[in-house]
$ cat coords.cif   # mmCIF, C-alpha atoms and all ligand atoms
data_work
loop_
_atom_site.group_PDB
_atom_site.id
_atom_site.type_symbol
_atom_site.label_atom_id
_atom_site.label_comp_id
_atom_site.auth_asym_id
_atom_site.auth_seq_id
_atom_site.Cartn_x
_atom_site.Cartn_y
_atom_site.Cartn_z
ATOM 1 C CA MET C 1 118.020 -87.369 242.723
ATOM 2 C CA ALA C 2 114.956 -86.010 241.029
ATOM 3 C CA HIS C 3 111.927 -83.797 241.422
ATOM 4 C CA ALA C 4 108.332 -84.720 240.659
ATOM 5 C CA SER C 5 104.960 -83.123 241.298
ATOM 6 C CA CYS C 6 102.385 -85.002 243.352
ATOM 7 C CA PRO C 7 98.785 -85.639 242.093
ATOM 8 C CA ASN C 8 97.775 -82.336 243.708
ATOM 9 C CA GLY C 9 100.703 -80.364 242.336
ATOM 10 C CA HIS C 10 102.957 -80.259 245.410
ATOM 11 C CA GLY C 11 106.669 -80.440 244.699
ATOM 12 C CA MET C 12 108.524 -83.569 245.815
ATOM 13 C CA TRP C 13 112.278 -84.099 245.923
ATOM 14 C CA ASN C 14 113.714 -87.544 246.610
ATOM 15 C CA GLY C 15 117.188 -86.335 247.617
ATOM 16 C CA ASP C 16 116.222 -86.479 251.302
ATOM 17 C CA GLY C 17 114.561 -89.889 250.929
ATOM 18 C CA LYS C 18 111.256 -88.477 252.247
ATOM 19 C CA PRO C 19 108.931 -89.308 249.350
ATOM 20 C CA VAL C 20 110.575 -92.655 248.590
ATOM 21 C CA VAL C 21 108.345 -95.713 249.027
ATOM 22 C CA TRP C 22 109.568 -99.237 248.372
ATOM 23 C CA ALA C 23 106.651 -101.197 246.939
ATOM 24 C CA PHE C 24 106.579 -104.783 245.696
ATOM 25 C CA ARG C 25 103.942 -107.128 244.309
ATOM 26 C CA VAL C 26 103.816 -110.218 246.501
ATOM 27 C CA GLY C 27 102.667 -112.426 243.595
ATOM 28 C CA PHE C 28 105.889 -111.681 241.742
ATOM 29 C CA PHE C 29 107.917 -113.210 244.563
ATOM 30 C CA ARG C 30 105.569 -116.199 244.872
ATOM 31 C CA ASP C 31 106.106 -116.953 241.168
ATOM 32 C CA TYR C 32 109.822 -116.314 241.417
ATOM 33 C CA MET C 33 110.169 -118.742 244.321
ATOM 34 C CA ARG C 34 108.638 -121.528 242.232
ATOM 35 C CA THR C 35 111.551 -121.378 239.802
ATOM 36 C CA HIS C 36 114.210 -120.313 242.337
ATOM 37 C CA PRO C 37 113.271 -122.156 245.557
ATOM 38 C CA ASP C 38 116.707 -121.706 247.109
ATOM 39 C CA CYS C 39 117.059 -117.966 246.653
ATOM 40 C CA ARG C 40 117.951 -115.915 249.705
ATOM 41 C CA LEU C 41 117.976 -112.198 250.248
ATOM 42 C CA GLU C 42 121.504 -110.848 250.551
ATOM 43 C CA GLU C 43 123.128 -114.204 249.976
ATOM 44 C CA GLU C 44 122.927 -115.127 246.339
ATOM 45 C CA PRO C 45 125.601 -113.115 244.565
ATOM 46 C CA GLU C 46 123.318 -112.401 241.643
ATOM 47 C CA TYR C 47 120.388 -111.124 243.728
ATOM 48 C CA LEU C 48 121.211 -109.210 246.826
ATOM 49 C CA GLN C 49 118.325 -107.043 247.876
ATOM 50 C CA MET C 50 114.581 -107.171 247.374
ATOM 51 C CA TYR C 51 114.686 -104.445 244.724
ATOM 52 C CA ASP C 52 117.379 -106.304 242.771
ATOM 53 C CA TYR C 53 114.875 -109.077 242.003
ATOM 54 C CA VAL C 54 112.559 -106.681 240.163
ATOM 55 C CA ASP C 55 115.273 -104.564 238.589
ATOM 56 C CA ASP C 56 114.243 -103.961 234.978
ATOM 57 C CA VAL C 57 111.436 -106.558 235.134
ATOM 58 C CA PRO C 58 108.602 -105.040 233.075
ATOM 59 C CA GLY C 59 105.653 -104.032 235.240
ATOM 60 C CA GLU C 60 107.398 -104.878 238.530
ATOM 61 C CA ASP C 61 110.119 -102.271 238.948
ATOM 62 C CA LEU C 62 108.073 -99.631 240.796
ATOM 63 C CA ASP C 63 109.327 -96.156 241.536
ATOM 64 C CA CYS C 64 106.815 -95.000 244.097
ATOM 65 C CA TRP C 65 106.619 -91.510 245.665
ATOM 66 C CA TYR C 66 104.552 -90.305 248.611
ATOM 67 C CA CYS C 67 103.561 -86.672 249.193
ATOM 68 C CA ASP C 68 103.753 -85.611 252.833
ATOM 69 C CA GLU C 69 101.428 -82.678 252.248
ATOM 70 C CA CYS C 70 98.384 -84.452 250.799
ATOM 71 C CA LYS C 71 99.343 -88.144 251.203
ATOM 72 C CA GLY C 72 99.102 -88.536 247.415
ATOM 73 C CA LEU C 73 101.010 -91.260 245.606
ATOM 74 C CA VAL C 74 102.790 -91.276 242.273
ATOM 75 C CA VAL C 75 103.974 -94.577 240.859
ATOM 76 C CA PHE C 76 106.296 -94.700 237.876
ATOM 77 C CA VAL C 77 106.372 -98.076 236.108
ATOM 78 C CA ASP C 78 108.114 -98.610 232.773
ATOM 79 C CA ILE C 79 106.851 -95.741 230.561
ATOM 80 C CA ALA C 80 103.769 -95.032 232.678
ATOM 81 C CA ARG C 81 102.926 -92.758 235.583
ATOM 82 C CA TYR C 82 99.996 -93.514 237.897
ATOM 83 C CA ASP C 83 98.635 -90.723 240.092
ATOM 84 C CA PHE C 84 96.654 -91.733 243.157
ATOM 85 C CA LYS C 85 94.781 -89.439 245.538
ATOM 86 C CA ARG C 86 93.817 -90.425 249.053
ATOM 87 C CA MET C 87 90.130 -91.294 249.509
ATOM 88 C CA GLU C 88 88.160 -89.128 251.870
ATOM 89 C CA SER C 89 85.704 -91.855 252.698
ATOM 90 C CA LEU C 90 85.866 -95.623 252.525
ATOM 91 C CA PRO C 91 83.306 -98.080 251.161
ATOM 92 C CA ASP C 92 81.320 -100.251 253.544
ATOM 93 C CA GLY C 93 82.850 -103.700 253.452
ATOM 94 C CA LYS C 94 85.090 -105.146 250.805
ATOM 95 C CA PRO C 95 84.523 -105.202 247.041
ATOM 96 C CA GLU C 96 83.146 -108.450 245.695
ATOM 97 C CA ASP C 97 86.274 -109.580 243.826
ATOM 98 C CA PHE C 98 88.646 -108.355 246.531
ATOM 99 C CA ASP C 99 90.340 -111.739 246.958
ATOM 100 C CA ARG C 100 91.572 -111.556 243.370
ATOM 101 C CA TRP C 101 93.151 -108.126 243.801
ATOM 102 C CA GLU C 102 96.945 -108.047 243.715
ATOM 103 C CA GLU C 103 98.675 -107.956 247.073
ATOM 104 C CA TYR C 104 101.496 -105.491 247.652
ATOM 105 C CA ILE C 105 103.861 -104.580 250.438
ATOM 106 C CA ALA C 106 105.018 -100.983 250.686
ATOM 107 C CA LEU C 107 107.377 -99.285 253.106
ATOM 108 C CA ARG C 108 108.733 -95.797 253.343
ATOM 109 C CA ASP C 109 112.465 -95.340 253.099
ATOM 110 C CA ARG C 110 113.372 -95.651 256.775
ATOM 111 C CA GLU C 111 110.928 -98.472 257.484
ATOM 112 C CA PHE C 112 112.407 -100.354 254.568
ATOM 113 C CA GLU C 113 115.817 -100.227 256.246
ATOM 114 C CA ASP C 114 114.369 -102.105 259.241
ATOM 115 C CA PHE C 115 112.833 -104.639 256.895
ATOM 116 C CA GLN C 116 116.204 -105.108 255.157
ATOM 117 C CA GLU C 117 117.820 -105.977 258.469
ATOM 118 C CA PHE C 118 115.015 -108.428 259.219
ATOM 119 C CA TYR C 119 115.085 -110.215 255.869
ATOM 120 C CA GLU C 120 118.783 -110.985 255.692
ATOM 121 C CA GLY C 121 119.263 -114.687 254.970
ATOM 122 C CA LYS C 122 115.560 -115.354 254.427
ATOM 123 C CA ASN C 123 113.844 -116.026 251.136
ATOM 124 C CA PRO C 124 111.537 -113.237 249.905
ATOM 125 C CA ILE C 125 108.270 -114.994 250.779
ATOM 126 C CA GLU C 126 109.459 -115.997 254.279
ATOM 127 C CA ALA C 127 110.482 -112.383 254.775
ATOM 128 C CA ILE C 128 107.112 -111.040 253.613
ATOM 129 C CA GLU C 129 105.079 -113.563 255.612
ATOM 130 C CA GLN C 130 107.070 -113.230 258.838
ATOM 131 C CA TYR C 131 107.575 -109.475 258.999
ATOM 132 C CA ASP C 132 105.232 -107.460 261.178
ATOM 133 C CA PHE C 133 103.953 -104.988 258.573
ATOM 134 C CA THR C 134 101.648 -102.260 259.851
ATOM 135 C CA TYR C 135 99.700 -102.428 256.573
ATOM 136 C CA HIS C 136 99.257 -104.686 253.591
ATOM 137 C CA TYR C 137 98.005 -103.237 250.337
ATOM 138 C CA ARG C 138 95.649 -104.462 247.624
ATOM 139 C CA LEU C 139 95.444 -103.117 244.080
ATOM 140 C CA SER C 140 92.249 -103.585 242.067
ATOM 141 C CA LEU C 141 92.308 -105.567 238.842
ATOM 142 C CA ASP C 142 91.816 -102.389 236.769
ATOM 143 C CA LYS C 143 94.669 -100.737 238.738
ATOM 144 C CA LYS C 144 92.427 -97.865 239.757
ATOM 145 C CA THR C 145 91.958 -98.510 243.477
ATOM 146 C CA ILE C 146 94.358 -99.224 246.343
ATOM 147 C CA TYR C 147 93.304 -100.198 249.848
ATOM 148 C CA ALA C 148 95.513 -100.481 252.897
ATOM 149 C CA LEU C 149 94.593 -103.265 255.324
ATOM 150 C CA ASP C 150 95.609 -103.433 258.951
ATOM 151 C CA LYS C 151 96.694 -106.562 260.809
ATOM 152 C CA GLU C 152 93.040 -107.597 261.284
ATOM 153 C CA ASP C 153 92.505 -107.320 257.510
ATOM 154 C CA LYS C 154 90.291 -104.272 257.920
ATOM 155 C CA ILE C 155 90.452 -101.516 255.277
ATOM 156 C CA VAL C 156 91.913 -98.457 256.978
ATOM 157 C CA PHE C 157 92.575 -96.081 254.088
ATOM 158 C CA GLY C 158 92.422 -96.063 250.340
ATOM 159 C CA TYR C 159 93.490 -94.390 247.152
ATOM 160 C CA PHE C 160 91.751 -93.776 243.850
ATOM 161 C CA ARG C 161 93.546 -93.212 240.583
ATOM 162 C CA SER C 162 93.266 -89.588 239.553
ATOM 163 C CA ASN C 163 95.322 -89.809 236.395
ATOM 164 C CA TYR C 164 97.267 -92.197 234.222
ATOM 165 C CA THR C 165 99.959 -91.072 231.787
ATOM 166 C CA GLU C 166 102.137 -92.933 229.310
ATOM 167 C CA PHE C 167 105.209 -91.374 227.764
ATOM 168 C CA SER C 168 106.685 -91.951 224.347
ATOM 169 C CA PRO C 169 110.326 -93.102 224.340
ATOM 170 C CA ASP C 170 110.910 -89.879 222.355
ATOM 171 C CA THR C 171 109.877 -87.678 225.306
ATOM 172 C CA GLU C 172 112.480 -85.030 225.926
ATOM 173 C CA ILE C 173 112.601 -82.884 229.033
ATOM 174 C CA ARG C 174 114.294 -79.521 228.616
ATOM 175 C CA PHE C 175 115.603 -77.283 231.356
ATOM 176 C CA VAL C 176 116.232 -73.650 230.562
ATOM 177 C CA LYS C 177 117.888 -71.223 232.957
ATOM 178 C CA GLY C 178 118.866 -67.917 231.435
ATOM 179 C CA GLU C 179 120.991 -68.778 228.451
ATOM 180 C CA ASP C 180 121.809 -72.266 229.638
ATOM 181 C CA SER C 181 119.699 -75.189 228.661
ATOM 182 C CA ALA C 182 119.927 -78.912 229.086
ATOM 183 C CA SER C 183 117.729 -81.785 228.086
ATOM 184 C CA TYR C 184 117.356 -85.458 228.666
ATOM 185 C CA ARG C 185 115.169 -88.294 227.475
ATOM 186 C CA PRO C 186 114.071 -90.265 230.535
ATOM 187 C CA TYR C 187 112.276 -92.967 228.530
ATOM 188 C CA GLU C 188 114.818 -93.453 225.782
ATOM 189 C CA TRP C 189 115.745 -96.876 227.203
ATOM 190 C CA ALA C 190 112.254 -98.070 226.148
ATOM 191 C CA LYS C 191 112.867 -97.391 222.473
ATOM 192 C CA GLY C 192 112.181 -100.523 220.459
ATOM 193 C CA LYS C 193 110.904 -102.306 223.600
ATOM 194 C CA MET C 194 107.754 -100.428 224.596
ATOM 195 C CA GLU C 195 105.388 -97.969 223.029
ATOM 196 C CA VAL C 196 102.533 -95.875 224.371
ATOM 197 C CA CYS C 197 99.050 -97.375 223.939
ATOM 198 C CA VAL C 198 96.331 -95.006 222.740
ATOM 199 C CA HIS C 199 92.684 -95.646 223.641
ATOM 200 C CA PRO C 200 89.457 -93.745 222.913
ATOM 201 C CA GLY C 201 88.657 -91.184 225.617
ATOM 202 C CA GLN C 202 92.297 -90.432 226.364
ATOM 203 C CA TYR C 203 94.103 -87.172 225.719
ATOM 204 C CA VAL C 204 97.093 -87.272 223.396
ATOM 205 C CA HIS C 205 99.787 -84.629 223.571
ATOM 206 C CA THR C 206 101.486 -84.499 220.198
ATOM 207 C CA LYS C 207 105.093 -83.711 219.415
ATOM 208 C CA ASP C 208 104.017 -80.422 217.797
ATOM 209 C CA GLY C 209 102.207 -79.288 220.951
ATOM 210 C CA ARG C 210 98.567 -80.141 220.213
ATOM 211 C CA GLU C 211 96.164 -81.724 222.688
ATOM 212 C CA ILE C 212 93.787 -84.162 221.063
ATOM 213 C CA ILE C 213 90.986 -86.087 222.686
ATOM 214 C CA ILE C 214 90.819 -89.472 220.992
ATOM 215 C CA ASP C 215 87.446 -90.599 219.682
ATOM 216 C CA SER C 216 88.419 -93.679 217.752
ATOM 217 C CA VAL C 217 91.286 -95.903 216.756
ATOM 218 C CA ILE C 218 91.489 -96.117 212.961
ATOM 219 C CA GLU C 219 94.335 -98.580 212.865
ATOM 220 C CA ASP C 220 95.569 -100.092 216.102
ATOM 221 C CA GLY C 221 98.960 -98.679 217.078
ATOM 222 C CA LYS C 222 99.137 -96.572 213.918
ATOM 223 C CA ARG C 223 96.345 -94.059 213.327
ATOM 224 C CA TYR C 224 93.742 -92.337 215.495
ATOM 225 C CA ARG C 225 90.889 -89.884 215.054
ATOM 226 C CA GLY C 226 90.055 -87.187 217.574
ATOM 227 C CA ARG C 227 89.464 -83.489 218.222
ATOM 228 C CA ASP C 228 91.965 -80.745 218.994
ATOM 229 C CA ILE C 229 90.648 -79.347 222.268
ATOM 230 C CA ASN C 230 92.496 -76.031 221.949
ATOM 231 C CA GLN C 231 90.964 -75.070 218.607
ATOM 232 C CA LYS C 232 88.049 -72.629 218.766
ATOM 233 C CA GLU C 233 86.102 -74.584 216.210
ATOM 234 C CA ILE C 234 86.566 -78.151 217.247
ATOM 235 C CA SER C 235 86.885 -80.342 214.215
ATOM 236 C CA GLU C 236 88.029 -83.878 213.607
ATOM 237 C CA VAL C 237 91.727 -84.538 213.132
ATOM 238 C CA ASP C 238 93.619 -87.681 212.268
ATOM 239 C CA ILE C 239 96.976 -88.295 213.895
ATOM 240 C CA GLN C 240 99.702 -90.852 213.360
ATOM 241 C CA HIS C 241 101.165 -92.872 216.188
ATOM 242 C CA THR C 242 104.536 -91.265 215.487
ATOM 243 C CA ASP C 243 102.981 -87.863 216.402
ATOM 244 C CA VAL C 244 102.208 -89.043 219.938
ATOM 245 C CA LEU C 245 104.368 -87.707 222.747
ATOM 246 C CA ARG C 246 102.272 -88.750 225.712
ATOM 247 C CA VAL C 247 98.834 -90.073 226.537
ATOM 248 C CA ALA C 248 96.832 -89.279 229.657
ATOM 249 C CA ASP C 249 93.398 -89.966 231.157
ATOM 250 C CA GLU C 250 93.095 -86.324 232.215
ATOM 251 C CA ILE C 251 94.577 -83.075 230.989
ATOM 252 C CA CYS C 252 97.189 -81.812 233.422
HETATM 253 ZN ZN ZN J 1 100.665 -83.484 247.539
#

$ encode --input "coords.cif" --output "structure tokens"
Amino acid sequence: MAHASCPNGHGMWNGDGKPVVWAFRVGFFRDYMRTHPDCRLEEEPEYLQMYDYVDDVPGEDLDCWYCDECKGLVVFVDIARYDFKRMESLPDGKPEDFDRWEEYIALRDREFEDFQEFYEGKNPIEAIEQYDFTYHYRLSLDKKTIYALDKEDKIVFGYFRSNYTEFSPDTEIRFVKGEDSASYRPYEWAKGKMEVCVHPGQYVHTKDGREIIIDSVIEDGKRYRGRDINQKEISEVDIQHTDVLRVADEIC
């Protein structure tokens, strides 16, 4: 069980299952079926449930949360967090390259239980193609836009990315209550496997508490130049990659 804040700052707690959304990229299962044509959900001893197929697969193991208050979405993937806010208005028609957008299915906790009953004994693609989903989802190639499509393939609602954050494997979260304190490192598993990527225009939070807007990359993955946004007199600073605690598109 865990807590997280939504893109608009509302508190979410997954202990009651309410914010939990099961989301999967359809293309992953299409590719998987090419190499494992005989796989079946809940039959193969190695792979039992839909989420077991993506377990620990980089980029595919989505931890997706939905806020009941503002309908915002937060998606945790590997060392990254994507914040999406619901669009107030929709574009006329579909974007030009819409057919190339990634297709996703997504179900809230209780709906997913119905889907699990339905898919028993089927292969993942049969299950996805035969199930009567209320919506299908498409994610843009730059991963900044999500549209939900109804059964007639009409866009019915959408999301835009409001922030993107990547966390260093060194990130430590500390809890302090009175004299008690505890800490944990939620991304420690990524050490040696993944590292944050720093790009110009992003905000870097350093291990010593500074907030730097990055202007240029001096040496890719090693050294960056930017400005400390909390200093009165903003001047250029150089930081090392090892100083980086997290990177975000926006300051939170
Ligand atoms: Zn919210």

$ closest_atom_pairs --input "coords.cif" --of "chain C" --to "ligand ZN 1 (chain J)" --cutoff "9 Å" --atoms "all atoms listed in the file" --output "Markdown table"
| residue | atom | partner | partner_atom | distance |
| --- | --- | --- | --- | --- |
| C:Ser5 | CA | J:ZN1 | ZN | 7.6 |
| C:Cys6 | CA | J:ZN1 | ZN | 4.8 |
| C:Pro7 | CA | J:ZN1 | ZN | 6.2 |
| C:Asn8 | CA | J:ZN1 | ZN | 4.9 |
| C:Gly9 | CA | J:ZN1 | ZN | 6.1 |
| C:His10 | CA | J:ZN1 | ZN | 4.5 |
| C:Gly11 | CA | J:ZN1 | ZN | 7.3 |
| C:Met12 | CA | J:ZN1 | ZN | 8.0 |
| C:Tyr66 | CA | J:ZN1 | ZN | 7.9 |
| C:Cys67 | CA | J:ZN1 | ZN | 4.6 |
| C:Asp68 | CA | J:ZN1 | ZN | 6.5 |
| C:Glu69 | CA | J:ZN1 | ZN | 4.8 |
| C:Cys70 | CA | J:ZN1 | ZN | 4.1 |
| C:Lys71 | CA | J:ZN1 | ZN | 6.1 |
| C:Gly72 | CA | J:ZN1 | ZN | 5.3 |
| C:Leu73 | CA | J:ZN1 | ZN | 8.0 |
| C:Lys85 | CA | J:ZN1 | ZN | 8.6 |

$ resolve_selection --input "coords.cif" --expression "the PyMOL selection byres (((chain C and resi 106) around 7) and not hetatm)" --output "list in words"
Val21, Trp22, Ala23, Phe24, Tyr104, Ile105, Leu107 and Arg108 of chain C

$ atom_distance --input "coords.cif" --atom1 "CA of Asp55 in chain C" --atom2 "CA of Phe28 in chain C"
12.2 Å

$ resolve_selection --input "coords.cif" --expression "the PyMOL selection byres (((chain C and resi 81) around 10) and not hetatm)" --output "MDAnalysis selection string"
chainID C and resid 63:64 74:80 82:84 163:167 248

$ write_last_selection --input "coords.cif" --atoms "C-alpha atoms" --output "JSON list (two decimals), in the frame of the given file"
[["chain", "number", "residue", "atom", "x", "y", "z"],
["C", 63, "ASP", "CA", 109.33, -96.16, 241.54],
["C", 64, "CYS", "CA", 106.82, -95.00, 244.10],
["C", 74, "VAL", "CA", 102.79, -91.28, 242.27],
["C", 75, "VAL", "CA", 103.97, -94.58, 240.86],
["C", 76, "PHE", "CA", 106.30, -94.70, 237.88],
["C", 77, "VAL", "CA", 106.37, -98.08, 236.11],
["C", 78, "ASP", "CA", 108.11, -98.61, 232.77],
["C", 79, "ILE", "CA", 106.85, -95.74, 230.56],
["C", 80, "ALA", "CA", 103.77, -95.03, 232.68],
["C", 82, "TYR", "CA", 100.00, -93.51, 237.90],
["C", 83, "ASP", "CA", 98.64, -90.72, 240.09],
["C", 84, "PHE", "CA", 96.65, -91.73, 243.16],
["C", 163, "ASN", "CA", 95.32, -89.81, 236.40],
["C", 164, "TYR", "CA", 97.27, -92.20, 234.22],
["C", 165, "THR", "CA", 99.96, -91.07, 231.79],
["C", 166, "GLU", "CA", 102.14, -92.93, 229.31],
["C", 167, "PHE", "CA", 105.21, -91.37, 227.76],
["C", 248, "ALA", "CA", 96.83, -89.28, 229.66]]

$ residues_near_point --input "coords.cif" --point "(85.7, -106.8, 246.6)" --cutoff "12 Å" --atoms "only C-alpha atoms" --output "MDAnalysis selection string"
chainID C and resid 91:102 138:141 145:147 155

$ write_last_selection --input "coords.cif" --atoms "C-alpha atoms" --output "compact mmCIF listing (two decimals), in the coordinates of the input"
# COMPACT_ATOMS: atom_id res chain seq x y z
CA PRO C 91 83.31 -98.08 251.16
CA ASP C 92 81.32 -100.25 253.54
CA GLY C 93 82.85 -103.70 253.45
CA LYS C 94 85.09 -105.15 250.80
CA PRO C 95 84.52 -105.20 247.04
CA GLU C 96 83.15 -108.45 245.70
CA ASP C 97 86.27 -109.58 243.83
CA PHE C 98 88.65 -108.36 246.53
CA ASP C 99 90.34 -111.74 246.96
CA ARG C 100 91.57 -111.56 243.37
CA TRP C 101 93.15 -108.13 243.80
CA GLU C 102 96.94 -108.05 243.72
CA ARG C 138 95.65 -104.46 247.62
CA LEU C 139 95.44 -103.12 244.08
CA SER C 140 92.25 -103.58 242.07
CA LEU C 141 92.31 -105.57 238.84
CA THR C 145 91.96 -98.51 243.48
CA ILE C 146 94.36 -99.22 246.34
CA TYR C 147 93.30 -100.20 249.85
CA ILE C 155 90.45 -101.52 255.28

$ resolve_selection --input "coords.cif" --expression "the PyMOL selection byres (((chain C and resi 124-127) around 10) and not hetatm)" --output "PDB file with C-alpha atoms, in the frame of the given file"
ATOM      1  CA  VAL C  26     103.816-110.218 246.501  1.00  0.00           C
ATOM      2  CA  GLY C  27     102.667-112.426 243.595  1.00  0.00           C
ATOM      3  CA  PHE C  28     105.889-111.681 241.742  1.00  0.00           C
ATOM      4  CA  PHE C  29     107.917-113.210 244.563  1.00  0.00           C
ATOM      5  CA  ARG C  30     105.569-116.199 244.872  1.00  0.00           C
ATOM      6  CA  TYR C  32     109.822-116.314 241.417  1.00  0.00           C
ATOM      7  CA  MET C  33     110.169-118.742 244.321  1.00  0.00           C
ATOM      8  CA  CYS C  39     117.059-117.966 246.653  1.00  0.00           C
ATOM      9  CA  ARG C  40     117.951-115.915 249.705  1.00  0.00           C
ATOM     10  CA  LEU C  41     117.976-112.198 250.248  1.00  0.00           C
ATOM     11  CA  GLN C  49     118.325-107.043 247.876  1.00  0.00           C
ATOM     12  CA  MET C  50     114.581-107.171 247.374  1.00  0.00           C
ATOM     13  CA  TYR C  53     114.875-109.077 242.003  1.00  0.00           C
ATOM     14  CA  PHE C 115     112.833-104.639 256.895  1.00  0.00           C
ATOM     15  CA  GLN C 116     116.204-105.108 255.157  1.00  0.00           C
ATOM     16  CA  PHE C 118     115.015-108.428 259.219  1.00  0.00           C
ATOM     17  CA  TYR C 119     115.085-110.215 255.869  1.00  0.00           C
ATOM     18  CA  GLU C 120     118.783-110.985 255.692  1.00  0.00           C
ATOM     19  CA  GLY C 121     119.263-114.687 254.970  1.00  0.00           C
ATOM     20  CA  LYS C 122     115.560-115.354 254.427  1.00  0.00           C
ATOM     21  CA  ASN C 123     113.844-116.026 251.136  1.00  0.00           C
ATOM     22  CA  ILE C 128     107.112-111.040 253.613  1.00  0.00           C
ATOM     23  CA  GLU C 129     105.079-113.563 255.612  1.00  0.00           C
ATOM     24  CA  GLN C 130     107.070-113.230 258.838  1.00  0.00           C
ATOM     25  CA  TYR C 131     107.575-109.475 258.999  1.00  0.00           C
ATOM     26  CA  ASP C 132     105.232-107.460 261.178  1.00  0.00           C
TER      27      ASP C 132
END

$ closest_residue --input "coords.cif" --among "C:Ser168, C:Cys197, C:Ser181, C:Gly192" --to "Asp243 in chain C" --atoms "all atoms listed in the file"
C:Ser168

$ closest_residue --input "coords.cif" --among "C:Leu245, C:Arg25, C:Asp220, C:Pro45" --to "Arg185 in chain C" --atoms "only C-alpha atoms"
C:Leu245

$ atom_distance --input "coords.cif" --atom1 "CA of Met194 in chain C" --atom2 "CA of Lys222 in chain C"
14.3 Å

$ closest_residue --input "coords.cif" --among "C:Val198, C:Pro169, C:Phe133, C:Tyr203" --to "Pro186 in chain C" --atoms "all atoms listed in the file"
C:Pro169

$ atom_distance --input "coords.cif" --atom1 "CA of Pro58 in chain C" --atom2 "CA of Tyr187 in chain C"
13.4 Å

$ axis_aligned_box --input "coords.cif" --around "range 204-212 of chain C" --padding-each-side "5 Å" --output "AutoDock Vina command-line options"
--center_x 99.4 --center_y -83.3 --center_z 220.7 --size_x 21.3 --size_y 18.0 --size_z 15.8
